[in-house]
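Next comes data28.cif, a file with mmCIF, N, CA and C atoms.
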```
data_entry
#
loop_
_atom_site.group_PDB
_atom_site.id
_atom_site.type_symbol
_atom_site.label_atom_id
_atom_site.label_comp_id
_atom_site.auth_asym_id
_atom_site.auth_seq_id
_atom_site.Cartn_x
_atom_site.Cartn_y
_atom_site.Cartn_z
ATOM 1 N N MET A 1 -21.175 -67.567 -20.195
ATOM 2 C CA MET A 1 -21.839 -66.340 -20.493
ATOM 3 C C MET A 1 -22.116 -66.299 -21.993
ATOM 4 N N THR A 2 -23.232 -65.790 -22.331
ATOM 5 C CA THR A 2 -23.601 -65.725 -23.739
ATOM 6 C C THR A 2 -22.930 -64.537 -24.391
ATOM 7 N N GLU A 3 -22.996 -64.560 -25.704
ATOM 8 C CA GLU A 3 -22.384 -63.462 -26.459
ATOM 9 C C GLU A 3 -23.108 -62.153 -26.174
ATOM 10 N N GLU A 4 -24.413 -62.201 -26.032
ATOM 11 C CA GLU A 4 -25.194 -60.992 -25.732
ATOM 12 C C GLU A 4 -24.846 -60.460 -24.343
ATOM 13 N N GLY A 5 -24.638 -61.345 -23.402
ATOM 14 C CA GLY A 5 -24.260 -60.950 -22.045
ATOM 15 C C GLY A 5 -22.878 -60.329 -22.005
ATOM 16 N N SER A 6 -21.943 -60.882 -22.782
ATOM 17 C CA SER A 6 -20.591 -60.319 -22.791
ATOM 18 C C SER A 6 -20.577 -58.954 -23.458
ATOM 19 N N ILE A 7 -21.428 -58.741 -24.470
ATOM 20 C CA ILE A 7 -21.520 -57.423 -25.116
ATOM 21 C C ILE A 7 -22.093 -56.410 -24.130
ATOM 22 N N THR A 8 -23.096 -56.830 -23.387
ATOM 23 C CA THR A 8 -23.696 -55.947 -22.392
ATOM 24 C C THR A 8 -22.668 -55.568 -21.332
ATOM 25 N N VAL A 9 -21.886 -56.535 -20.898
ATOM 26 C CA VAL A 9 -20.839 -56.261 -19.900
ATOM 27 C C VAL A 9 -19.801 -55.325 -20.492
ATOM 28 N N GLU A 10 -19.411 -55.563 -21.740
ATOM 29 C CA GLU A 10 -18.423 -54.700 -22.393
ATOM 30 C C GLU A 10 -18.966 -53.284 -22.541
ATOM 31 N N LEU A 11 -20.240 -53.160 -22.918
ATOM 32 C CA LEU A 11 -20.848 -51.828 -23.025
ATOM 33 C C LEU A 11 -20.898 -51.133 -21.664
ATOM 34 N N ALA A 12 -21.247 -51.889 -20.639
ATOM 35 C CA ALA A 12 -21.299 -51.310 -19.293
ATOM 36 C C ALA A 12 -19.911 -50.871 -18.847
ATOM 37 N N LEU A 13 -18.893 -51.694 -19.151
ATOM 38 C CA LEU A 13 -17.522 -51.316 -18.804
ATOM 39 C C LEU A 13 -17.064 -50.081 -19.587
ATOM 40 N N ALA A 14 -17.430 -50.027 -20.864
ATOM 41 C CA ALA A 14 -17.069 -48.862 -21.685
ATOM 42 C C ALA A 14 -17.749 -47.613 -21.146
ATOM 43 N N GLU A 15 -19.007 -47.735 -20.774
ATOM 44 C CA GLU A 15 -19.743 -46.600 -20.199
ATOM 45 C C GLU A 15 -19.116 -46.173 -18.878
ATOM 46 N N LEU A 16 -18.714 -47.139 -18.075
ATOM 47 C CA LEU A 16 -18.062 -46.849 -16.800
ATOM 48 C C LEU A 16 -16.734 -46.139 -17.019
ATOM 49 N N ARG A 17 -15.940 -46.618 -17.987
ATOM 50 C CA ARG A 17 -14.662 -45.973 -18.307
ATOM 51 C C ARG A 17 -14.883 -44.530 -18.778
ATOM 52 N N ARG A 18 -15.882 -44.346 -19.649
ATOM 53 C CA ARG A 18 -16.169 -43.007 -20.155
ATOM 54 C C ARG A 18 -16.571 -42.082 -19.012
ATOM 55 N N GLY A 19 -17.412 -42.588 -18.121
ATOM 56 C CA GLY A 19 -17.830 -41.782 -16.957
ATOM 57 C C GLY A 19 -16.639 -41.411 -16.085
ATOM 58 N N ILE A 20 -15.754 -42.371 -15.861
ATOM 59 C CA ILE A 20 -14.555 -42.095 -15.052
ATOM 60 C C ILE A 20 -13.670 -41.074 -15.753
ATOM 61 N N ASP A 21 -13.511 -41.200 -17.079
ATOM 62 C CA ASP A 21 -12.706 -40.245 -17.840
ATOM 63 C C ASP A 21 -13.294 -38.834 -17.753
ATOM 64 N N VAL A 22 -14.615 -38.747 -17.899
ATOM 65 C CA VAL A 22 -15.278 -37.432 -17.836
ATOM 66 C C VAL A 22 -15.088 -36.816 -16.455
ATOM 67 N N ARG A 23 -15.286 -37.611 -15.422
ATOM 68 C CA ARG A 23 -15.149 -37.100 -14.051
ATOM 69 C C ARG A 23 -13.709 -36.688 -13.763
ATOM 70 N N SER A 24 -12.750 -37.471 -14.254
ATOM 71 C CA SER A 24 -11.345 -37.121 -13.996
ATOM 72 C C SER A 24 -10.967 -35.840 -14.740
ATOM 73 N N ILE A 25 -11.495 -35.634 -15.954
ATOM 74 C CA ILE A 25 -11.226 -34.397 -16.686
ATOM 75 C C ILE A 25 -11.886 -33.214 -15.982
ATOM 76 N N GLU A 26 -13.110 -33.395 -15.494
ATOM 77 C CA GLU A 26 -13.766 -32.328 -14.728
ATOM 78 C C GLU A 26 -12.950 -31.989 -13.483
ATOM 79 N N LEU A 27 -12.462 -33.013 -12.817
ATOM 80 C CA LEU A 27 -11.659 -32.815 -11.618
ATOM 81 C C LEU A 27 -10.365 -32.071 -11.938
ATOM 82 N N GLU A 28 -9.715 -32.439 -13.054
ATOM 83 C CA GLU A 28 -8.493 -31.747 -13.466
ATOM 84 C C GLU A 28 -8.780 -30.274 -13.764
ATOM 85 N N GLY A 29 -9.906 -29.992 -14.400
ATOM 86 C CA GLY A 29 -10.286 -28.604 -14.691
ATOM 87 C C GLY A 29 -10.510 -27.807 -13.417
ATOM 88 N N ARG A 30 -11.196 -28.428 -12.462
ATOM 89 C CA ARG A 30 -11.432 -27.745 -11.186
ATOM 90 C C ARG A 30 -10.126 -27.496 -10.441
ATOM 91 N N LEU A 31 -9.234 -28.467 -10.494
ATOM 92 C CA LEU A 31 -7.933 -28.286 -9.847
ATOM 93 C C LEU A 31 -7.127 -27.178 -10.519
ATOM 94 N N ALA A 32 -7.197 -27.106 -11.848
ATOM 95 C CA ALA A 32 -6.494 -26.039 -12.570
ATOM 96 C C ALA A 32 -7.072 -24.680 -12.194
ATOM 97 N N LEU A 33 -8.396 -24.596 -12.075
ATOM 98 C CA LEU A 33 -9.037 -23.341 -11.671
ATOM 99 C C LEU A 33 -8.621 -22.951 -10.254
ATOM 100 N N LEU A 34 -8.605 -23.918 -9.363
ATOM 101 C CA LEU A 34 -8.171 -23.632 -7.991
ATOM 102 C C LEU A 34 -6.710 -23.176 -7.957
ATOM 103 N N ASP A 35 -5.884 -23.767 -8.806
ATOM 104 C CA ASP A 35 -4.484 -23.361 -8.881
ATOM 105 C C ASP A 35 -4.367 -21.924 -9.379
ATOM 106 N N GLN A 36 -5.167 -21.551 -10.391
ATOM 107 C CA GLN A 36 -5.156 -20.175 -10.883
ATOM 108 C C GLN A 36 -5.607 -19.203 -9.800
ATOM 109 N N ARG A 37 -6.658 -19.563 -9.095
ATOM 110 C CA ARG A 37 -7.147 -18.689 -8.014
ATOM 111 C C ARG A 37 -6.104 -18.552 -6.912
ATOM 112 N N ASP A 38 -5.428 -19.641 -6.607
ATOM 113 C CA ASP A 38 -4.375 -19.590 -5.593
ATOM 114 C C ASP A 38 -3.250 -18.648 -6.020
ATOM 115 N N ASP A 39 -2.863 -18.733 -7.296
ATOM 116 C CA ASP A 39 -1.835 -17.824 -7.817
ATOM 117 C C ASP A 39 -2.301 -16.373 -7.748
ATOM 118 N N LEU A 40 -3.569 -16.132 -8.104
ATOM 119 C CA LEU A 40 -4.121 -14.782 -8.048
ATOM 120 C C LEU A 40 -4.103 -14.247 -6.617
ATOM 121 N N HIS A 41 -4.512 -15.080 -5.669
ATOM 122 C CA HIS A 41 -4.519 -14.645 -4.272
ATOM 123 C C HIS A 41 -3.103 -14.392 -3.771
ATOM 124 N N ASP A 42 -2.156 -15.193 -4.210
ATOM 125 C CA ASP A 42 -0.758 -14.956 -3.837
ATOM 126 C C ASP A 42 -0.273 -13.617 -4.373
ATOM 127 N N ARG A 43 -0.596 -13.323 -5.637
ATOM 128 C CA ARG A 43 -0.176 -12.047 -6.234
ATOM 129 C C ARG A 43 -0.838 -10.878 -5.522
ATOM 130 N N ARG A 44 -2.131 -11.017 -5.234
ATOM 131 C CA ARG A 44 -2.837 -9.936 -4.524
ATOM 132 C C ARG A 44 -2.283 -9.763 -3.116
ATOM 133 N N GLY A 45 -1.968 -10.854 -2.458
ATOM 134 C CA GLY A 45 -1.365 -10.766 -1.126
ATOM 135 C C GLY A 45 -0.017 -10.066 -1.174
ATOM 136 N N ASP A 46 0.784 -10.383 -2.189
ATOM 137 C CA ASP A 46 2.080 -9.708 -2.346
ATOM 138 C C ASP A 46 1.885 -8.221 -2.608
ATOM 139 N N GLU A 47 0.892 -7.886 -3.434
ATOM 140 C CA GLU A 47 0.610 -6.473 -3.741
ATOM 141 C C GLU A 47 0.153 -5.736 -2.482
ATOM 142 N N PHE A 48 -0.719 -6.366 -1.704
ATOM 143 C CA PHE A 48 -1.176 -5.741 -0.462
ATOM 144 C C PHE A 48 -0.019 -5.569 0.523
ATOM 145 N N ALA A 49 0.850 -6.542 0.581
ATOM 146 C CA ALA A 49 2.018 -6.435 1.464
ATOM 147 C C ALA A 49 2.915 -5.294 1.022
ATOM 148 N N ARG A 50 3.099 -5.121 -0.299
ATOM 149 C CA ARG A 50 3.917 -4.021 -0.815
ATOM 150 C C ARG A 50 3.266 -2.678 -0.508
ATOM 151 N N GLN A 51 1.951 -2.591 -0.704
ATOM 152 C CA GLN A 51 1.243 -1.343 -0.404
ATOM 153 C C GLN A 51 1.328 -1.023 1.084
ATOM 154 N N LEU A 52 1.188 -2.031 1.915
ATOM 155 C CA LEU A 52 1.275 -1.827 3.355
ATOM 156 C C LEU A 52 2.668 -1.345 3.749
ATOM 157 N N GLN A 53 3.704 -1.919 3.132
ATOM 158 C CA GLN A 53 5.071 -1.481 3.413
ATOM 159 C C GLN A 53 5.279 -0.034 2.959
ATOM 160 N N ASP A 54 4.724 0.321 1.786
ATOM 161 C CA ASP A 54 4.826 1.706 1.305
ATOM 162 C C ASP A 54 4.151 2.675 2.279
ATOM 163 N N LEU A 55 2.965 2.304 2.739
ATOM 164 C CA LEU A 55 2.253 3.160 3.699
ATOM 165 C C LEU A 55 3.021 3.269 5.015
ATOM 166 N N ASP A 56 3.598 2.168 5.444
ATOM 167 C CA ASP A 56 4.386 2.192 6.671
ATOM 168 C C ASP A 56 5.607 3.096 6.520
ATOM 169 N N ASP A 57 6.261 3.034 5.357
ATOM 170 C CA ASP A 57 7.410 3.908 5.101
ATOM 171 C C ASP A 57 6.994 5.378 5.085
ATOM 172 N N ARG A 58 5.855 5.666 4.447
ATOM 173 C CA ARG A 58 5.370 7.050 4.415
ATOM 174 C C ARG A 58 5.039 7.545 5.817
ATOM 175 N N LEU A 59 4.423 6.704 6.624
ATOM 176 C CA LEU A 59 4.090 7.086 7.994
ATOM 177 C C LEU A 59 5.350 7.345 8.805
ATOM 178 N N THR A 60 6.348 6.502 8.619
ATOM 179 C CA THR A 60 7.611 6.690 9.331
ATOM 180 C C THR A 60 8.251 8.019 8.947
ATOM 181 N N ARG A 61 8.256 8.352 7.642
ATOM 182 C CA ARG A 61 8.807 9.638 7.196
ATOM 183 C C ARG A 61 8.016 10.795 7.767
ATOM 184 N N ALA A 62 6.679 10.675 7.754
ATOM 185 C CA ALA A 62 5.832 11.749 8.282
ATOM 186 C C ALA A 62 6.065 11.943 9.777
ATOM 187 N N GLU A 63 6.206 10.853 10.510
ATOM 188 C CA GLU A 63 6.460 10.971 11.945
ATOM 189 C C GLU A 63 7.821 11.592 12.207
ATOM 190 N N ARG A 64 8.806 11.268 11.362
ATOM 191 C CA ARG A 64 10.147 11.804 11.525
ATOM 192 C C ARG A 64 10.172 13.308 11.244
ATOM 193 N N GLU A 65 9.349 13.763 10.297
ATOM 194 C CA GLU A 65 9.364 15.154 9.870
ATOM 195 C C GLU A 65 8.222 15.969 10.460
ATOM 196 N N GLN A 66 7.489 15.414 11.376
ATOM 197 C CA GLN A 66 6.317 16.101 11.896
ATOM 198 C C GLN A 66 6.695 17.367 12.661
ATOM 199 N N VAL A 67 5.804 18.307 12.642
ATOM 200 C CA VAL A 67 5.986 19.556 13.371
ATOM 201 C C VAL A 67 5.159 19.438 14.643
ATOM 202 N N THR A 68 5.822 19.609 15.781
ATOM 203 C CA THR A 68 5.119 19.501 17.052
ATOM 204 C C THR A 68 4.693 20.888 17.523
ATOM 205 N N ARG A 69 3.833 20.906 18.481
ATOM 206 C CA ARG A 69 3.369 22.173 19.064
ATOM 207 C C ARG A 69 4.548 22.908 19.699
ATOM 208 N N ALA A 70 5.405 22.187 20.387
ATOM 209 C CA ALA A 70 6.571 22.814 21.022
ATOM 210 C C ALA A 70 7.502 23.403 19.961
ATOM 211 N N GLY A 71 7.661 22.705 18.853
ATOM 212 C CA GLY A 71 8.503 23.214 17.767
ATOM 213 C C GLY A 71 7.924 24.483 17.168
ATOM 214 N N LEU A 72 6.606 24.511 16.993
ATOM 215 C CA LEU A 72 5.960 25.723 16.476
ATOM 216 C C LEU A 72 6.101 26.885 17.449
ATOM 217 N N ASP A 73 5.943 26.613 18.744
ATOM 218 C CA ASP A 73 6.098 27.662 19.750
ATOM 219 C C ASP A 73 7.514 28.229 19.738
ATOM 220 N N ALA A 74 8.505 27.341 19.623
ATOM 221 C CA ALA A 74 9.898 27.797 19.584
ATOM 222 C C ALA A 74 10.152 28.643 18.337
ATOM 223 N N ARG A 75 9.647 28.228 17.199
ATOM 224 C CA ARG A 75 9.797 29.023 15.968
ATOM 225 C C ARG A 75 9.133 30.385 16.127
ATOM 226 N N PHE A 76 7.943 30.399 16.716
ATOM 227 C CA PHE A 76 7.233 31.665 16.910
ATOM 228 C C PHE A 76 8.029 32.596 17.811
ATOM 229 N N ARG A 77 8.586 32.072 18.909
ATOM 230 C CA ARG A 77 9.394 32.904 19.819
ATOM 231 C C ARG A 77 10.621 33.452 19.113
ATOM 232 N N HIS A 78 11.276 32.620 18.297
ATOM 233 C CA HIS A 78 12.447 33.094 17.556
ATOM 234 C C HIS A 78 12.066 34.169 16.541
ATOM 235 N N THR A 79 10.919 33.984 15.886
ATOM 236 C CA THR A 79 10.462 34.973 14.909
ATOM 237 C C THR A 79 10.135 36.302 15.594
ATOM 238 N N VAL A 80 9.461 36.245 16.725
ATOM 239 C CA VAL A 80 9.124 37.468 17.463
ATOM 240 C C VAL A 80 10.397 38.154 17.939
ATOM 241 N N ALA A 81 11.346 37.389 18.437
ATOM 242 C CA ALA A 81 12.607 37.976 18.902
ATOM 243 C C ALA A 81 13.346 38.628 17.736
ATOM 244 N N LEU A 82 13.372 37.979 16.596
ATOM 245 C CA LEU A 82 14.045 38.542 15.426
ATOM 246 C C LEU A 82 13.346 39.813 14.954
ATOM 247 N N LEU A 83 12.023 39.796 14.908
ATOM 248 C CA LEU A 83 11.280 41.000 14.519
ATOM 249 C C LEU A 83 11.483 42.130 15.527
ATOM 250 N N SER A 84 11.559 41.803 16.788
ATOM 251 C CA SER A 84 11.824 42.825 17.814
ATOM 252 C C SER A 84 13.198 43.430 17.613
ATOM 253 N N LEU A 85 14.179 42.625 17.323
ATOM 254 C CA LEU A 85 15.540 43.099 17.074
ATOM 255 C C LEU A 85 15.586 43.996 15.840
ATOM 256 N N ILE A 86 14.906 43.607 14.778
ATOM 257 C CA ILE A 86 14.863 44.417 13.558
ATOM 258 C C ILE A 86 14.170 45.748 13.839
ATOM 259 N N THR A 87 13.062 45.719 14.594
ATOM 260 C CA THR A 87 12.338 46.944 14.935
ATOM 261 C C THR A 87 13.209 47.864 15.777
ATOM 262 N N ALA A 88 13.921 47.308 16.744
ATOM 263 C CA ALA A 88 14.803 48.124 17.590
ATOM 264 C C ALA A 88 15.921 48.733 16.754
ATOM 265 N N ALA A 89 16.485 47.941 15.840
ATOM 266 C CA ALA A 89 17.549 48.468 14.983
ATOM 267 C C ALA A 89 17.014 49.567 14.079
ATOM 268 N N ALA A 90 15.803 49.410 13.564
ATOM 269 C CA ALA A 90 15.202 50.442 12.724
ATOM 270 C C ALA A 90 14.938 51.707 13.533
ATOM 271 N N ALA A 91 14.501 51.553 14.791
ATOM 272 C CA ALA A 91 14.243 52.716 15.642
ATOM 273 C C ALA A 91 15.540 53.464 15.927
ATOM 274 N N VAL A 92 16.622 52.734 16.228
ATOM 275 C CA VAL A 92 17.922 53.372 16.484
ATOM 276 C C VAL A 92 18.387 54.084 15.225
ATOM 277 N N LEU A 93 18.251 53.445 14.082
ATOM 278 C CA LEU A 93 18.664 54.057 12.816
ATOM 279 C C LEU A 93 17.844 55.315 12.538
ATOM 280 N N ALA A 94 16.540 55.266 12.804
ATOM 281 C CA ALA A 94 15.674 56.450 12.583
ATOM 282 C C ALA A 94 16.071 57.572 13.529
ATOM 283 N N THR A 95 16.432 57.235 14.754
ATOM 284 C CA THR A 95 16.862 58.250 15.718
ATOM 285 C C THR A 95 18.171 58.899 15.276
ATOM 286 N N VAL A 96 19.111 58.087 14.819
ATOM 287 C CA VAL A 96 20.390 58.612 14.355
ATOM 288 C C VAL A 96 20.191 59.500 13.130
ATOM 289 N N VAL A 97 19.359 59.073 12.214
ATOM 290 C CA VAL A 97 19.114 59.868 11.011
ATOM 291 C C VAL A 97 18.407 61.174 11.371
ATOM 292 N N ALA A 98 17.437 61.124 12.292
ATOM 293 C CA ALA A 98 16.732 62.332 12.710
ATOM 294 C C ALA A 98 17.684 63.291 13.421
ATOM 295 N N ALA A 99 18.589 62.783 14.258
ATOM 296 C CA ALA A 99 19.554 63.646 14.950
ATOM 297 C C ALA A 99 20.526 64.253 13.956
ATOM 298 N N TYR A 100 20.925 63.491 12.952
ATOM 299 C CA TYR A 100 21.868 64.007 11.953
ATOM 300 C C TYR A 100 21.191 65.111 11.116
ATOM 301 N N LEU A 101 19.927 64.882 10.784
ATOM 302 C CA LEU A 101 19.225 65.881 9.975
ATOM 303 C C LEU A 101 18.854 67.123 10.794
ATOM 304 N N ALA A 102 18.727 67.001 12.081
ATOM 305 C CA ALA A 102 18.355 68.135 12.946
ATOM 306 C C ALA A 102 19.531 69.063 13.166
ATOM 307 N N ARG A 103 20.687 68.750 12.940
ATOM 308 C CA ARG A 103 21.842 69.596 13.158
ATOM 309 C C ARG A 103 21.956 70.681 12.207
#
```
Would you encode the structure as C-alpha coordinates?
Amino acid sequence: MTEEGSITVELALAELRRGIDVRSIELEGRLALLDQRDDLHDRRGDEFARQLQDLDDRLTRAEREQVTRAGLDARFRHTVALLSLITAAAAVLATVVAAYLAR
(Lines of atoms letter the chains of each structure in order from A and count residues from 1; the text may use other names and numbers.)
(Lines give C-alpha, C1' and ligand atoms only; values in the text may rest on other atoms or scores of the structure.)
Protein backbone atom coordinates (compact mmCIF):
# COMPACT_ATOMS: atom_id res chain seq x y z
CA MET A 1 0.00 0.00 0.00
CA THR A 2 1.28 3.43 -0.79
CA GLU A 3 1.76 6.18 1.69
CA GLU A 4 -1.15 8.12 0.19
CA GLY A 5 -3.39 5.06 0.48
CA SER A 6 -2.46 4.49 4.11
CA ILE A 7 -3.21 8.15 4.92
CA THR A 8 -6.58 7.83 3.24
CA VAL A 9 -7.31 4.68 5.25
CA GLU A 10 -6.19 6.40 8.45
CA LEU A 11 -8.40 9.41 7.68
CA ALA A 12 -11.34 7.13 6.94
CA LEU A 13 -10.75 5.26 10.20
CA ALA A 14 -10.48 8.54 12.12
CA GLU A 15 -13.71 9.75 10.54
CA LEU A 16 -15.37 6.44 11.40
CA ARG A 17 -14.18 6.67 15.02
CA ARG A 18 -15.43 10.26 15.28
CA GLY A 19 -18.81 9.24 13.87
CA ILE A 20 -19.06 6.36 16.34
CA ASP A 21 -18.08 8.69 19.21
CA VAL A 22 -20.71 11.25 18.18
CA ARG A 23 -23.41 8.60 17.87
CA SER A 24 -22.51 7.02 21.21
CA ILE A 25 -22.64 10.45 22.93
CA GLU A 26 -26.02 11.15 21.30
CA LEU A 27 -27.22 7.76 22.48
CA GLU A 28 -25.99 8.44 26.03
CA GLY A 29 -27.85 11.77 26.02
CA ARG A 30 -31.05 10.12 24.86
CA LEU A 31 -30.70 7.45 27.51
CA ALA A 32 -30.15 10.10 30.19
CA LEU A 33 -33.28 11.94 29.00
CA LEU A 34 -35.29 8.72 29.08
CA ASP A 35 -34.00 8.05 32.59
CA GLN A 36 -35.11 11.54 33.71
CA ARG A 37 -38.54 11.04 32.17
CA ASP A 38 -38.83 7.66 33.86
CA ASP A 39 -38.00 9.25 37.22
CA LEU A 40 -40.56 11.99 36.58
CA HIS A 41 -43.25 9.45 35.72
CA ASP A 42 -42.41 7.46 38.84
CA ARG A 43 -42.75 10.58 41.00
CA ARG A 44 -46.02 11.54 39.32
CA GLY A 45 -47.32 8.00 39.74
CA ASP A 46 -46.43 8.10 43.44
CA GLU A 47 -48.16 11.48 43.78
CA PHE A 48 -51.28 10.19 42.03
CA ALA A 49 -51.29 7.11 44.26
CA ARG A 50 -51.04 9.35 47.35
CA GLN A 51 -53.86 11.58 46.11
CA LEU A 52 -55.99 8.54 45.35
CA GLN A 53 -55.36 7.17 48.85
CA ASP A 54 -56.29 10.57 50.36
CA LEU A 55 -59.53 10.63 48.37
CA ASP A 56 -60.28 7.06 49.38
CA ASP A 57 -59.73 7.95 53.05
CA ARG A 58 -62.01 10.99 52.74
CA LEU A 59 -64.71 8.89 51.08
CA THR A 60 -64.46 6.28 53.82
CA ARG A 61 -64.85 8.99 56.50
CA ALA A 62 -67.79 10.53 54.64
CA GLU A 63 -69.50 7.16 54.30
CA ARG A 64 -68.92 6.45 57.99
CA GLU A 65 -70.40 9.82 59.03
CA GLN A 66 -73.15 10.06 56.45
CA VAL A 67 -76.66 11.00 57.46
CA THR A 68 -79.26 8.61 56.11
CA ARG A 69 -82.92 9.29 55.44
CA ALA A 70 -83.89 6.92 58.26
CA GLY A 71 -81.55 8.76 60.64
CA LEU A 72 -83.10 12.10 59.69
CA ASP A 73 -86.61 10.70 60.18
CA ALA A 74 -85.67 9.38 63.62
CA ARG A 75 -84.18 12.75 64.62
CA PHE A 76 -87.30 14.53 63.38
CA ARG A 77 -89.58 12.20 65.40
CA HIS A 78 -87.48 12.75 68.52
CA THR A 79 -87.55 16.52 68.00
CA VAL A 80 -91.33 16.54 67.53
CA ALA A 81 -91.80 14.37 70.62
CA LEU A 82 -89.56 16.66 72.67
CA LEU A 83 -91.37 19.78 71.44
CA SER A 84 -94.71 18.14 72.23
CA LEU A 85 -93.52 17.35 75.75
CA ILE A 86 -92.30 20.92 76.27
CA THR A 87 -95.62 22.30 74.95
CA ALA A 88 -97.61 20.01 77.25
CA ALA A 89 -95.47 21.02 80.22
CA ALA A 90 -95.95 24.70 79.36
CA ALA A 91 -99.72 24.18 79.07
CA VAL A 92 -99.85 22.45 82.49
CA LEU A 93 -97.74 25.23 84.00
CA ALA A 94 -100.01 27.91 82.45
CA THR A 95 -103.07 26.11 83.83
CA VAL A 96 -101.57 25.90 87.31
CA VAL A 97 -100.56 29.56 87.24
CA ALA A 98 -104.02 30.61 85.97
CA ALA A 99 -105.74 28.55 88.71
CA TYR A 100 -103.46 30.03 91.37
CA LEU A 101 -104.13 33.57 90.16
CA ALA A 102 -107.90 32.96 89.93
CA ARG A 103 -108.23 32.21 93.63
Give the centre and edge lengths of an axis-aligned box, in Å to one decimal, that holds all listed atoms of stretch 36-47 of chain A with 6 Å on each side, as AutoDock Vina command-line options.
```
--center_x -2.5 --center_y -13.6 --center_z -6.0 --size_x 21.2 --size_y 27.8 --size_z 21.8
```
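The interatomic distance for the pair atom CA of A:Tyr100 and atom CA of A:Ala81 works out to 28.5 Å.
Atom pair atom C of A:Ala70 / atom C of A:Leu82 has a distance of 18.1 Å (rounded to one decimal).
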